[in-house]
$ cat protein39.txt   # compact mmCIF, N, CA and C atoms
# COMPACT_ATOMS: atom_id res chain seq x y z
N MET Z 809 -14.49 5.28 4.38
CA MET Z 809 -15.29 4.13 4.01
C MET Z 809 -14.74 2.91 4.76
N THR Z 810 -15.65 2.17 5.37
CA THR Z 810 -15.25 0.98 6.12
C THR Z 810 -15.17 -0.22 5.18
N LYS Z 811 -14.61 -1.31 5.70
CA LYS Z 811 -14.52 -2.53 4.89
C LYS Z 811 -15.91 -3.03 4.50
N ALA Z 812 -16.85 -2.97 5.42
CA ALA Z 812 -18.21 -3.44 5.14
C ALA Z 812 -18.85 -2.62 4.01
N GLN Z 813 -18.64 -1.31 4.03
CA GLN Z 813 -19.17 -0.46 2.97
C GLN Z 813 -18.50 -0.77 1.64
N LEU Z 814 -17.19 -1.01 1.67
CA LEU Z 814 -16.47 -1.35 0.45
C LEU Z 814 -16.94 -2.68 -0.12
N VAL Z 815 -17.13 -3.67 0.74
CA VAL Z 815 -17.63 -4.98 0.30
C VAL Z 815 -19.01 -4.83 -0.32
N THR Z 816 -19.88 -4.03 0.28
CA THR Z 816 -21.21 -3.79 -0.27
C THR Z 816 -21.14 -3.15 -1.64
N LYS Z 817 -20.27 -2.16 -1.83
CA LYS Z 817 -20.11 -1.51 -3.14
C LYS Z 817 -19.60 -2.50 -4.18
N ILE Z 818 -18.62 -3.33 -3.80
CA ILE Z 818 -18.09 -4.33 -4.72
C ILE Z 818 -19.20 -5.31 -5.12
N ALA Z 819 -19.96 -5.76 -4.14
CA ALA Z 819 -21.03 -6.72 -4.42
C ALA Z 819 -22.10 -6.10 -5.32
N ASP Z 820 -22.47 -4.86 -5.06
CA ASP Z 820 -23.51 -4.19 -5.87
C ASP Z 820 -23.04 -3.96 -7.30
N SER Z 821 -21.80 -3.57 -7.48
CA SER Z 821 -21.33 -3.24 -8.82
C SER Z 821 -20.96 -4.46 -9.66
N THR Z 822 -20.69 -5.60 -9.01
CA THR Z 822 -20.29 -6.79 -9.77
C THR Z 822 -21.39 -7.85 -9.84
N GLY Z 823 -22.42 -7.73 -9.04
CA GLY Z 823 -23.48 -8.74 -9.03
C GLY Z 823 -23.14 -9.94 -8.16
N LEU Z 824 -22.07 -9.84 -7.39
CA LEU Z 824 -21.70 -10.91 -6.48
C LEU Z 824 -22.45 -10.73 -5.16
N SER Z 825 -22.46 -11.79 -4.36
CA SER Z 825 -23.04 -11.66 -3.02
C SER Z 825 -22.03 -10.92 -2.14
N ARG Z 826 -22.49 -10.45 -0.99
CA ARG Z 826 -21.57 -9.75 -0.09
C ARG Z 826 -20.47 -10.68 0.40
N LYS Z 827 -20.82 -11.96 0.61
CA LYS Z 827 -19.83 -12.94 1.05
C LYS Z 827 -18.75 -13.13 -0.01
N GLN Z 828 -19.17 -13.20 -1.28
CA GLN Z 828 -18.21 -13.35 -2.37
C GLN Z 828 -17.37 -12.08 -2.53
N GLY Z 829 -17.99 -10.91 -2.38
CA GLY Z 829 -17.27 -9.65 -2.45
C GLY Z 829 -16.21 -9.54 -1.36
N ASP Z 830 -16.56 -10.01 -0.16
CA ASP Z 830 -15.62 -10.03 0.95
C ASP Z 830 -14.45 -10.95 0.63
N ALA Z 831 -14.73 -12.11 0.03
CA ALA Z 831 -13.68 -13.06 -0.32
C ALA Z 831 -12.75 -12.47 -1.39
N VAL Z 832 -13.32 -11.73 -2.35
CA VAL Z 832 -12.51 -11.09 -3.39
C VAL Z 832 -11.59 -10.04 -2.78
N LEU Z 833 -12.12 -9.21 -1.90
CA LEU Z 833 -11.32 -8.17 -1.25
C LEU Z 833 -10.20 -8.78 -0.41
N ASP Z 834 -10.53 -9.82 0.37
CA ASP Z 834 -9.53 -10.49 1.20
C ASP Z 834 -8.43 -11.12 0.34
N ALA Z 835 -8.82 -11.73 -0.78
CA ALA Z 835 -7.84 -12.35 -1.68
C ALA Z 835 -6.93 -11.30 -2.29
N LEU Z 836 -7.48 -10.15 -2.66
CA LEU Z 836 -6.68 -9.06 -3.23
C LEU Z 836 -5.64 -8.57 -2.22
N VAL Z 837 -6.08 -8.31 -1.01
CA VAL Z 837 -5.17 -7.81 0.03
C VAL Z 837 -4.10 -8.85 0.33
N GLU Z 838 -4.49 -10.11 0.47
CA GLU Z 838 -3.54 -11.17 0.76
C GLU Z 838 -2.50 -11.32 -0.34
N THR Z 839 -2.93 -11.24 -1.59
CA THR Z 839 -2.02 -11.35 -2.72
C THR Z 839 -1.03 -10.19 -2.75
N VAL Z 840 -1.52 -8.98 -2.54
CA VAL Z 840 -0.64 -7.81 -2.54
C VAL Z 840 0.40 -7.93 -1.43
N VAL Z 841 -0.01 -8.31 -0.24
CA VAL Z 841 0.91 -8.44 0.89
C VAL Z 841 1.98 -9.50 0.61
N LYS Z 842 1.57 -10.66 0.10
CA LYS Z 842 2.53 -11.74 -0.17
C LYS Z 842 3.55 -11.33 -1.24
N GLU Z 843 3.08 -10.71 -2.31
CA GLU Z 843 3.98 -10.35 -3.40
C GLU Z 843 4.95 -9.23 -2.99
N VAL Z 844 4.46 -8.24 -2.27
CA VAL Z 844 5.34 -7.14 -1.83
C VAL Z 844 6.35 -7.68 -0.82
N LYS Z 845 5.94 -8.62 0.03
CA LYS Z 845 6.85 -9.21 1.00
C LYS Z 845 7.98 -9.96 0.29
N LYS Z 846 7.69 -10.57 -0.86
CA LYS Z 846 8.70 -11.28 -1.66
C LYS Z 846 9.64 -10.30 -2.36
N GLY Z 847 9.24 -9.04 -2.45
CA GLY Z 847 10.07 -8.05 -3.14
C GLY Z 847 9.54 -7.69 -4.52
N ASN Z 848 8.41 -8.25 -4.91
CA ASN Z 848 7.80 -7.94 -6.21
C ASN Z 848 6.90 -6.72 -6.08
N SER Z 849 6.81 -5.94 -7.14
CA SER Z 849 5.88 -4.82 -7.12
C SER Z 849 4.54 -5.30 -7.66
N VAL Z 850 3.46 -4.70 -7.17
CA VAL Z 850 2.11 -5.05 -7.60
C VAL Z 850 1.47 -3.81 -8.18
N LYS Z 851 1.14 -3.87 -9.47
CA LYS Z 851 0.51 -2.73 -10.15
C LYS Z 851 -0.97 -3.02 -10.32
N ILE Z 852 -1.79 -2.13 -9.78
CA ILE Z 852 -3.24 -2.23 -9.95
C ILE Z 852 -3.62 -1.08 -10.89
N PRO Z 853 -3.95 -1.41 -12.15
CA PRO Z 853 -4.24 -0.37 -13.14
C PRO Z 853 -5.34 0.58 -12.65
N GLY Z 854 -5.09 1.87 -12.80
CA GLY Z 854 -6.05 2.88 -12.38
C GLY Z 854 -5.95 3.25 -10.91
N LEU Z 855 -5.17 2.51 -10.13
CA LEU Z 855 -5.02 2.79 -8.70
C LEU Z 855 -3.58 3.18 -8.36
N GLY Z 856 -2.63 2.27 -8.63
CA GLY Z 856 -1.24 2.58 -8.35
C GLY Z 856 -0.38 1.35 -8.23
N ILE Z 857 0.83 1.55 -7.71
CA ILE Z 857 1.81 0.47 -7.59
C ILE Z 857 2.28 0.36 -6.14
N PHE Z 858 2.20 -0.86 -5.60
CA PHE Z 858 2.75 -1.17 -4.28
C PHE Z 858 4.12 -1.78 -4.51
N ARG Z 859 5.14 -1.33 -3.75
CA ARG Z 859 6.48 -1.90 -3.90
C ARG Z 859 7.25 -1.80 -2.59
N LEU Z 860 8.26 -2.67 -2.49
CA LEU Z 860 9.13 -2.68 -1.33
C LEU Z 860 10.33 -1.79 -1.64
N ARG Z 861 10.63 -0.86 -0.76
CA ARG Z 861 11.75 0.06 -0.97
C ARG Z 861 12.81 -0.20 0.08
N LYS Z 862 14.05 -0.12 -0.34
CA LYS Z 862 15.17 -0.32 0.58
C LYS Z 862 15.78 1.03 0.90
N MET Z 863 15.77 1.38 2.16
CA MET Z 863 16.31 2.65 2.62
C MET Z 863 17.74 2.42 3.10
N LYS Z 864 18.66 3.29 2.68
CA LYS Z 864 20.06 3.18 3.07
C LYS Z 864 20.24 3.65 4.51
N ALA Z 865 21.31 3.19 5.13
CA ALA Z 865 21.67 3.68 6.47
C ALA Z 865 22.10 5.14 6.32
N ARG Z 866 21.82 5.93 7.34
CA ARG Z 866 22.17 7.35 7.27
C ARG Z 866 22.39 7.90 8.66
N MET Z 867 22.93 9.10 8.70
CA MET Z 867 23.14 9.78 9.97
C MET Z 867 21.97 10.73 10.21
N GLY Z 868 21.51 10.76 11.45
CA GLY Z 868 20.44 11.66 11.83
C GLY Z 868 20.78 12.36 13.12
N ARG Z 869 19.84 13.12 13.64
CA ARG Z 869 20.08 13.84 14.89
C ARG Z 869 18.90 13.61 15.84
N ASN Z 870 19.23 13.48 17.10
CA ASN Z 870 18.21 13.43 18.13
C ASN Z 870 17.69 14.85 18.30
N PRO Z 871 16.41 15.11 18.06
CA PRO Z 871 15.90 16.48 18.11
C PRO Z 871 15.95 17.11 19.51
N GLN Z 872 15.96 16.29 20.55
CA GLN Z 872 16.00 16.85 21.90
C GLN Z 872 17.40 17.28 22.32
N THR Z 873 18.40 16.46 21.96
CA THR Z 873 19.75 16.75 22.41
C THR Z 873 20.67 17.26 21.31
N GLY Z 874 20.29 17.04 20.06
CA GLY Z 874 21.14 17.45 18.95
C GLY Z 874 22.27 16.46 18.68
N GLU Z 875 22.29 15.37 19.44
CA GLU Z 875 23.32 14.35 19.29
C GLU Z 875 23.16 13.60 17.97
N ALA Z 876 24.27 13.35 17.27
CA ALA Z 876 24.24 12.59 16.01
C ALA Z 876 23.99 11.12 16.33
N ILE Z 877 23.10 10.51 15.58
CA ILE Z 877 22.81 9.08 15.74
C ILE Z 877 22.81 8.41 14.37
N LYS Z 878 23.14 7.12 14.37
CA LYS Z 878 23.15 6.38 13.12
C LYS Z 878 21.80 5.70 12.97
N ILE Z 879 21.13 5.93 11.83
CA ILE Z 879 19.86 5.29 11.53
C ILE Z 879 20.18 4.11 10.60
N PRO Z 880 19.86 2.89 11.03
CA PRO Z 880 20.23 1.71 10.24
C PRO Z 880 19.42 1.59 8.95
N ALA Z 881 19.94 0.79 8.01
CA ALA Z 881 19.21 0.50 6.77
C ALA Z 881 17.95 -0.28 7.12
N ARG Z 882 16.90 -0.10 6.32
CA ARG Z 882 15.65 -0.82 6.59
C ARG Z 882 14.84 -0.92 5.31
N LYS Z 883 13.80 -1.73 5.38
CA LYS Z 883 12.87 -1.85 4.26
C LYS Z 883 11.63 -1.04 4.57
N LYS Z 884 10.97 -0.60 3.53
CA LYS Z 884 9.80 0.24 3.69
C LYS Z 884 8.83 -0.08 2.55
N VAL Z 885 7.55 -0.09 2.83
CA VAL Z 885 6.55 -0.31 1.79
C VAL Z 885 6.17 1.04 1.20
N GLY Z 886 6.19 1.10 -0.13
CA GLY Z 886 5.85 2.34 -0.81
C GLY Z 886 4.65 2.15 -1.72
N PHE Z 887 3.92 3.22 -1.95
CA PHE Z 887 2.79 3.20 -2.86
C PHE Z 887 2.87 4.43 -3.74
N SER Z 888 2.83 4.21 -5.04
CA SER Z 888 2.83 5.32 -6.00
C SER Z 888 1.45 5.38 -6.64
N VAL Z 889 0.82 6.52 -6.59
CA VAL Z 889 -0.52 6.70 -7.13
C VAL Z 889 -0.46 6.74 -8.66
N ALA Z 890 -1.41 6.09 -9.30
CA ALA Z 890 -1.49 6.10 -10.76
C ALA Z 890 -1.86 7.50 -11.27
N LYS Z 891 -1.33 7.84 -12.42
CA LYS Z 891 -1.55 9.17 -12.98
C LYS Z 891 -3.04 9.43 -13.23
N THR Z 892 -3.75 8.45 -13.76
CA THR Z 892 -5.19 8.63 -14.04
C THR Z 892 -5.98 8.85 -12.75
N PHE Z 893 -5.61 8.13 -11.70
CA PHE Z 893 -6.28 8.29 -10.40
C PHE Z 893 -6.06 9.70 -9.87
N LYS Z 894 -4.81 10.14 -9.91
CA LYS Z 894 -4.45 11.46 -9.41
C LYS Z 894 -5.19 12.57 -10.18
N GLU Z 895 -5.22 12.44 -11.52
CA GLU Z 895 -5.90 13.45 -12.34
C GLU Z 895 -7.39 13.48 -12.09
N THR Z 896 -8.00 12.30 -11.88
CA THR Z 896 -9.44 12.24 -11.63
C THR Z 896 -9.79 12.88 -10.28
N VAL Z 897 -9.01 12.60 -9.26
CA VAL Z 897 -9.30 13.12 -7.93
C VAL Z 897 -8.99 14.61 -7.81
N LEU Z 898 -7.82 15.01 -8.34
CA LEU Z 898 -7.39 16.38 -8.17
C LEU Z 898 -7.89 17.33 -9.27
N GLY Z 899 -8.37 16.77 -10.35
CA GLY Z 899 -8.91 17.60 -11.43
C GLY Z 899 -7.93 18.10 -12.42

$ encode --input "protein39.txt" --output "structure tokens"
Amino acid sequence: MTKAQLVTKIADSTGLSRKQGDAVLDALVETVVKEVKKGNSVKIPGLGIFRLRKMKARMGRNPQTGEAIKIPARKKVGFSVAKTFKETVLG
């Protein structure tokens, strides 16, 4: 589904215009990005939780040479699917 199709569905189901639906979707995405960037988790009921995860430094291997390399610590964005969403989709 493209953004245009999603905006149309939002507009049809809420009674908003497509322009207003687009503004709602943009505001949602912007809010989620800002909050996760700050380190806060964002829970959208029925969909899931967006959160920032901190990965520890670790040792890895170069698959071509087998040489041990150090992988530095980093941040990663994670998403956990809500239980109701998972049950509805998977049955």

$ atom_distance --input "protein39.txt" --atom1 "atom C of Gly886 (chain Z)" --atom2 "atom N of Leu860 (chain Z)"
6.1 Å

$ residues_around --input "protein39.txt" --residues "Pro853 (chain Z)" --least-positions-apart "2" --cutoff "12 Å" --atoms "only C-alpha atoms" --output "PyMOL selection string"
chain Z and resi 850-851+855-858+888-893

$ write_last_selection --input "protein39.txt" --atoms "N, CA and C atoms" --output "CSV table (one decimal), in the frame of the given file"
chain,number,residue,atom,x,y,z
Z,850,VAL,N,3.5,-4.7,-7.2
Z,850,VAL,CA,2.1,-5.0,-7.6
Z,850,VAL,C,1.5,-3.8,-8.2
Z,851,LYS,N,1.1,-3.9,-9.5
Z,851,LYS,CA,0.5,-2.7,-10.2
Z,851,LYS,C,-1.0,-3.0,-10.3
Z,855,LEU,N,-5.2,2.5,-10.1
Z,855,LEU,CA,-5.0,2.8,-8.7
Z,855,LEU,C,-3.6,3.2,-8.4
Z,856,GLY,N,-2.6,2.3,-8.6
Z,856,GLY,CA,-1.2,2.6,-8.4
Z,856,GLY,C,-0.4,1.4,-8.2
Z,857,ILE,N,0.8,1.6,-7.7
Z,857,ILE,CA,1.8,0.5,-7.6
Z,857,ILE,C,2.3,0.4,-6.1
Z,858,PHE,N,2.2,-0.9,-5.6
Z,858,PHE,CA,2.8,-1.2,-4.3
Z,858,PHE,C,4.1,-1.8,-4.5
Z,888,SER,N,2.8,4.2,-5.0
Z,888,SER,CA,2.8,5.3,-6.0
Z,888,SER,C,1.4,5.4,-6.6
Z,889,VAL,N,0.8,6.5,-6.6
Z,889,VAL,CA,-0.5,6.7,-7.1
Z,889,VAL,C,-0.5,6.7,-8.7
Z,890,ALA,N,-1.4,6.1,-9.3
Z,890,ALA,CA,-1.5,6.1,-10.8
Z,890,ALA,C,-1.9,7.5,-11.3
Z,891,LYS,N,-1.3,7.8,-12.4
Z,891,LYS,CA,-1.6,9.2,-13.0
Z,891,LYS,C,-3.0,9.4,-13.2
Z,892,THR,N,-3.8,8.4,-13.8
Z,892,THR,CA,-5.2,8.6,-14.0
Z,892,THR,C,-6.0,8.8,-12.8
Z,893,PHE,N,-5.6,8.1,-11.7
Z,893,PHE,CA,-6.3,8.3,-10.4
Z,893,PHE,C,-6.1,9.7,-9.9

$ select_by_dssp --input "protein39.txt" --residues "chain Z" --states "alpha helix (DSSP H)" --output "NGL selection string"
:Z and (811-822 or 826-846 or 891-898)

$ closest_residue --input "protein39.txt" --among "Z:Arg861, Z:Asp830, Z:Asp820, Z:Ile879" --to "Gly847 (chain Z)" --atoms "only N, CA and C atoms"
Z:Arg861

$ atom_distance --input "protein39.txt" --atom1 "atom C of Pro871 (chain Z)" --atom2 "atom N of Val885 (chain Z)"
25.4 Å

$ select_by_dssp --input "protein39.txt" --residues "chain Z" --states "strand (DSSP E or B)" --output "list in words"
Val850, Lys851, Ile852, Gly856, Ile857, Phe858, Arg859, Leu860, Arg861, Lys862, Met863, Arg866, Met867, Gly868, Arg869, Ala876, Ile877, Lys878, Ile879, Arg882, Lys883, Lys884, Val885, Gly886, Phe887, Ser888 and Val889 of chain Z

$ build_atoms --input "protein39.txt" --residues "region 830-846 of chain Z" --atoms "N, CA, C and O atoms" --output "PDB file, in the coordinates of the input"
ATOM      1  N   ASP Z 830     -16.560 -10.010  -0.160  1.00  0.00           N
ATOM      2  CA  ASP Z 830     -15.620 -10.030   0.950  1.00  0.00           C
ATOM      3  C   ASP Z 830     -14.450 -10.950   0.630  1.00  0.00           C
ATOM      4  O   ASP Z 830     -13.294 -10.613   0.898  1.00  0.00           O
ATOM      5  N   ALA Z 831     -14.730 -12.110   0.030  1.00  0.00           N
ATOM      6  CA  ALA Z 831     -13.680 -13.060  -0.320  1.00  0.00           C
ATOM      7  C   ALA Z 831     -12.750 -12.470  -1.390  1.00  0.00           C
ATOM      8  O   ALA Z 831     -11.530 -12.650  -1.323  1.00  0.00           O
ATOM      9  N   VAL Z 832     -13.320 -11.730  -2.350  1.00  0.00           N
ATOM     10  CA  VAL Z 832     -12.510 -11.090  -3.390  1.00  0.00           C
ATOM     11  C   VAL Z 832     -11.590 -10.040  -2.780  1.00  0.00           C
ATOM     12  O   VAL Z 832     -10.393  -9.993  -3.089  1.00  0.00           O
ATOM     13  N   LEU Z 833     -12.120  -9.210  -1.900  1.00  0.00           N
ATOM     14  CA  LEU Z 833     -11.320  -8.170  -1.250  1.00  0.00           C
ATOM     15  C   LEU Z 833     -10.200  -8.780  -0.410  1.00  0.00           C
ATOM     16  O   LEU Z 833      -9.055  -8.350  -0.470  1.00  0.00           O
ATOM     17  N   ASP Z 834     -10.530  -9.820   0.370  1.00  0.00           N
ATOM     18  CA  ASP Z 834      -9.530 -10.490   1.200  1.00  0.00           C
ATOM     19  C   ASP Z 834      -8.430 -11.120   0.340  1.00  0.00           C
ATOM     20  O   ASP Z 834      -7.253 -11.046   0.677  1.00  0.00           O
ATOM     21  N   ALA Z 835      -8.820 -11.730  -0.780  1.00  0.00           N
ATOM     22  CA  ALA Z 835      -7.840 -12.350  -1.680  1.00  0.00           C
ATOM     23  C   ALA Z 835      -6.930 -11.300  -2.290  1.00  0.00           C
ATOM     24  O   ALA Z 835      -5.716 -11.520  -2.432  1.00  0.00           O
ATOM     25  N   LEU Z 836      -7.480 -10.150  -2.660  1.00  0.00           N
ATOM     26  CA  LEU Z 836      -6.680  -9.060  -3.230  1.00  0.00           C
ATOM     27  C   LEU Z 836      -5.640  -8.570  -2.220  1.00  0.00           C
ATOM     28  O   LEU Z 836      -4.460  -8.453  -2.537  1.00  0.00           O
ATOM     29  N   VAL Z 837      -6.080  -8.310  -1.010  1.00  0.00           N
ATOM     30  CA  VAL Z 837      -5.170  -7.810   0.030  1.00  0.00           C
ATOM     31  C   VAL Z 837      -4.100  -8.850   0.330  1.00  0.00           C
ATOM     32  O   VAL Z 837      -2.905  -8.524   0.427  1.00  0.00           O
ATOM     33  N   GLU Z 838      -4.490 -10.110   0.470  1.00  0.00           N
ATOM     34  CA  GLU Z 838      -3.540 -11.170   0.760  1.00  0.00           C
ATOM     35  C   GLU Z 838      -2.500 -11.320  -0.340  1.00  0.00           C
ATOM     36  O   GLU Z 838      -1.305 -11.463  -0.072  1.00  0.00           O
ATOM     37  N   THR Z 839      -2.930 -11.240  -1.590  1.00  0.00           N
ATOM     38  CA  THR Z 839      -2.020 -11.350  -2.720  1.00  0.00           C
ATOM     39  C   THR Z 839      -1.030 -10.190  -2.750  1.00  0.00           C
ATOM     40  O   THR Z 839       0.170 -10.390  -2.953  1.00  0.00           O
ATOM     41  N   VAL Z 840      -1.520  -8.980  -2.540  1.00  0.00           N
ATOM     42  CA  VAL Z 840      -0.640  -7.810  -2.540  1.00  0.00           C
ATOM     43  C   VAL Z 840       0.400  -7.930  -1.430  1.00  0.00           C
ATOM     44  O   VAL Z 840       1.593  -7.707  -1.657  1.00  0.00           O
ATOM     45  N   VAL Z 841      -0.010  -8.310  -0.240  1.00  0.00           N
ATOM     46  CA  VAL Z 841       0.910  -8.440   0.890  1.00  0.00           C
ATOM     47  C   VAL Z 841       1.980  -9.500   0.610  1.00  0.00           C
ATOM     48  O   VAL Z 841       3.170  -9.261   0.814  1.00  0.00           O
ATOM     49  N   LYS Z 842       1.570 -10.660   0.100  1.00  0.00           N
ATOM     50  CA  LYS Z 842       2.530 -11.740  -0.170  1.00  0.00           C
ATOM     51  C   LYS Z 842       3.550 -11.330  -1.240  1.00  0.00           C
ATOM     52  O   LYS Z 842       4.738 -11.580  -1.088  1.00  0.00           O
ATOM     53  N   GLU Z 843       3.080 -10.710  -2.310  1.00  0.00           N
ATOM     54  CA  GLU Z 843       3.980 -10.350  -3.400  1.00  0.00           C
ATOM     55  C   GLU Z 843       4.950  -9.230  -2.990  1.00  0.00           C
ATOM     56  O   GLU Z 843       6.126  -9.277  -3.329  1.00  0.00           O
ATOM     57  N   VAL Z 844       4.460  -8.240  -2.270  1.00  0.00           N
ATOM     58  CA  VAL Z 844       5.340  -7.140  -1.830  1.00  0.00           C
ATOM     59  C   VAL Z 844       6.350  -7.680  -0.820  1.00  0.00           C
ATOM     60  O   VAL Z 844       7.524  -7.293  -0.852  1.00  0.00           O
ATOM     61  N   LYS Z 845       5.940  -8.620   0.030  1.00  0.00           N
ATOM     62  CA  LYS Z 845       6.850  -9.210   1.000  1.00  0.00           C
ATOM     63  C   LYS Z 845       7.980  -9.960   0.290  1.00  0.00           C
ATOM     64  O   LYS Z 845       9.117  -9.974   0.750  1.00  0.00           O
ATOM     65  N   LYS Z 846       7.690 -10.570  -0.860  1.00  0.00           N
ATOM     66  CA  LYS Z 846       8.700 -11.280  -1.660  1.00  0.00           C
ATOM     67  C   LYS Z 846       9.640 -10.300  -2.360  1.00  0.00           C
ATOM     68  O   LYS Z 846      10.681 -10.702  -2.864  1.00  0.00           O
TER      69      LYS Z 846
END
